[in-house]
Amino acid sequence: MRARSISAVTALAVTLGSVALIGSAAGSAVADSSAALPITSSGDIIVDGVHQRVFISDPSGGKVVATDYNGTVIGTITSLPQADGLELSADSATVYVAVPGADEIVAIDTATLTEAGRYATGDGTDPQHLALAGGKLWFGYGSVGHGNIGSLDLSGGQPQVSLAQEAEGTWKDAPLLDSAPGAPDTLAAGSRQYYFTLGIYDVSSGAADRTAFLGGQDAAIGNTAEDLALTPDGTDLVVATSAGDFQQVFRTSDLSQTIRYPSGYSAQRSVDVAPDGLVAVGTDTYANFTPQVSVYEPGGTAPRRTADFTDEQGGVSQETLLDHGDLAFAPDSSRLFAVTHGLSNKYSLRVVTDPGKAVTTVTVNAPATADRAKSLTVSGKVTNTLGLPAGSTVAVTRTDQESPNGKALPAATVKADGTFSFTDIPPAGGKVAYKASYAGGADRTAASASDTVEVSRSSATLTVNRNGTVYDYASNVTFTAHLGTTYKNRTLSLYADTAGDGKGKYLVKTGTVNSAGNLSVTLPLKRDTTVSASFSGDARTAPKTATSRVGAKVKVSLSLSRYYKTAKVNGQTKYYFRKKTNPLLTTTMTAYPGRTQKLEFQIYSAGAWRSAGYEYFKLDSKGKSVVELRGTHQTGYSMRVRSSYIDNSSNDTVNSTTHGSWKYFTFTS
């Protein structure tokens with residue numbers, strides 16, 4: 001131990017007598033979702049309702065990806081160069097893929113997601129679009145400037161391919177194809193790359209016999225047919241065009257125009273018709289609008305449901321819908337699937353749940369505060385684009401501390417304007433939630449919303465004793481928390497927060513108070529400590545916390561050495577040093593990182609002890625400090641010295657100020 005020193009002159013030169021400075025919730029949304037797709041392009045999409053799988057072709061990736069209804073990828077079929085059009089067999093056992101890069105149509109087993117067969121269509125045919133009709137698989141094939149319709153017959157022992165079903169020059173590209181279960185012998189076709197061209201064919205004979213045609217520069221409908229879909233009975237053909245703010249409908253009997261499904265956007269991209277007749281219209285971004293899909297009931301002039309695919313940065317949409325093949329209904333119309341393409345070249349499968357149902361929203365407004373056991377009023381509104389049937393109601397539940405799982409209240413009737421209100425007398429205080437739920441129906445989604453009100457509770461008396469008391473180091477101190485009258489809860493949690501241990505507030509005891517309302521805990525105090533009692537409250541009594549902060553002294557001792565004798569003077573031990581001897585002062589104190597001790601001197605003069613100066617010295621890691629008192633020592637004076645820990649001044653604040661005992665000494669010749 002290296003001894004520090006303090007000059008005797010400094011210690012005694014201090015002037016005698018000097019003093020040491022010591023809130024409403026929105027309606028629940030329909031559960032739509034989005035999932036990333038591992039593709040680099042999108043050709044077509046089709047839904048298998050039997051296995052609940054979605055198939056998406058990726059032309060540039062040369063593959064077909066299969067997902068579940070949530071968009072989770074469950075399989076990938078590769079080695080399909082430029083994979084494009086998809087068609088599903090009537091029994092959902094097979095998905096057919098047009099593979100222009102191999103001049104083939106490939107069959108995929110929908111159960112195992114493996115390749116089940118390959119059928120060549122002829123060198124240079126480039127088959128691109130598929131449709132099942134008249135017992136055959138029809139395909140639109142060809143290249144830019146030249147296209148036609150072919151068929152693949154798989155009903156016999158050997159596959160039979162028939163090409164050039166239409167006169168040369170009718171199609172300037174591989175035509176889009178579609179069919180409908182309700183018209184099994186009808187095939188619809190349309191051009192994507194040249195003047196607006198449509199064709200209707202009767203394939204009952206095994207050949208494509210054209211029954212209606214609309215096309216060429218005289219069509220004046222739109223630039224091209226971006227997508228097309230037959231209605232379930234095959235009587236109408238819905239066409240998405242590359243110009244105009246509508247989707248045009250044509251009679252398949254003569255391709256005369258009938259109705260239009262309106263849209264606020266100019267760029268029409270895709271269309272699909274569900275087995276129940278619902279029409280989905282996909283519109284792309286235009287002038288920074290957000291791509292969206294609108295769903296119409298057959299013949300409707302206003303959408304039943306609109307789904308916005310919002311993904312914007314700086315006001316610019318980050319996603320687009322694709323031309324043709326990016327929309328597909330589930331066979332039961334429970335979902336609508338759409339493929340979107342992001343500006344960062346990411347593809348996603350968007351899933352719209354209950355696409356045929358008008359979206360309902362519910363709002364609930366409860367007062368911010370209320371008195372327990374007194375009446376309050378909760379109001380709200382149900383909104384739906386179709387309006388609500390007369391007599392509609394919302395189910396009401398109240399959730400509070402006495403009914404944590406919710407308690408049903410009488411249903412509230414919805415008025416003609418969609419508003420409703422109800423009154424209640426809350427039996428419990430605290431945070432009380434009121435939830436209103438609209439059940440929905442065949443053409444309206446269910447929705448619910450809730451709001452909370454803070455209901456008053458009485459305040460309990462809670463105290464912890466010992467506050468402000470200072471105890472000797474390592475004293476065992478019993479703290480008692482007292483809880484006054486409450487409704488039901490009689491449990492307290494006691495916590496301690498010990499200065500300087502880095503643990504913060506920690507639990508030391510939890511229990512039920514005794515008949516007097518008390519709960520106690522005994523703690524050994526080695527540092528200043530805050531003890532807190534926490535009452536969590538109950539249905540009629542508010543939570544409360546009470547604290548008690550107590551101090552803990554340190555252990556401190558001072559020993560003197562190098563004296564030549566001791567004697568009892570006025571009941572005190574007095575140490576005698578020769579004037580040429582430098583006393584050694586050793587302090588031992590409870591250790592703490594960076595702690596210092598205050599070494600204080602006094603001299604007896606004019607009948608009283610007077611300050612003769614002080615200085616702080618650092619303790620080592622074990623709490624020891626050795627100081628040598630050097631210099632010219634004056635004889636004949638009675639002096640004393642003590643070591644002290646001074647809260648904050650001793651370089652920390654984890655204990656309470658503690659003074660050691662005085663040590664008396666003098667110098668002689």
# chains A, B, ... in the order shown; residues from 1 in each chain; ligands from 1
$ residues_around --residues "region 562-572 of chain A" --least-positions-apart "6" --cutoff "12 Å" --atoms "only C-alpha atoms" --output "PyMOL selection string"
chain A and resi 578-586+628-629+638+640+661-669
$ atom_distance --atom1 "CA of Ser548 (chain A)" --atom2 "CA of Ser643 (chain A)"
29.1 Å
$ closest_residue --among "A:Ser155, A:Asn655, A:Thr463, A:Ser450" --to "Asp501 (chain A)" --atoms "only C-alpha atoms"
A:Asn655
$ closest_residue --among "A:Gly140, A:Gly511, A:Gly504, A:Gly190" --to "Leu255 (chain A)" --atoms "only C-alpha atoms"
A:Gly190
$ select_by_dssp --residues "region 565-658 of chain A" --states "strand (DSSP E)" --output "MDAnalysis selection string"
chainID A and resid 565:569 572:578 584:589 596:605 608:618 624:630 639:645 658
$ residues_around --residues "Val64 (chain A)" --least-positions-apart "6" --cutoff "8 Å" --atoms "only C-alpha atoms" --output "MDAnalysis selection string"
chainID A and resid 55:58 76:78 80 83
$ write_last_selection --atoms "C-alpha atoms" --output "PDB file, in the first residue's frame"
ATOM      1  CA  PHE A  55     -50.284 -21.110 -60.203  1.00  0.00           C
ATOM      2  CA  ILE A  56     -48.285 -18.238 -61.734  1.00  0.00           C
ATOM      3  CA  SER A  57     -46.161 -18.572 -64.850  1.00  0.00           C
ATOM      4  CA  ASP A  58     -42.825 -16.777 -65.176  1.00  0.00           C
ATOM      5  CA  THR A  76     -41.822 -24.639 -58.430  1.00  0.00           C
ATOM      6  CA  ILE A  77     -41.880 -26.413 -61.805  1.00  0.00           C
ATOM      7  CA  THR A  78     -38.855 -25.504 -63.954  1.00  0.00           C
ATOM      8  CA  LEU A  80     -40.412 -24.345 -69.043  1.00  0.00           C
ATOM      9  CA  ALA A  83     -43.785 -20.330 -69.804  1.00  0.00           C
TER      10      ALA A  83
END
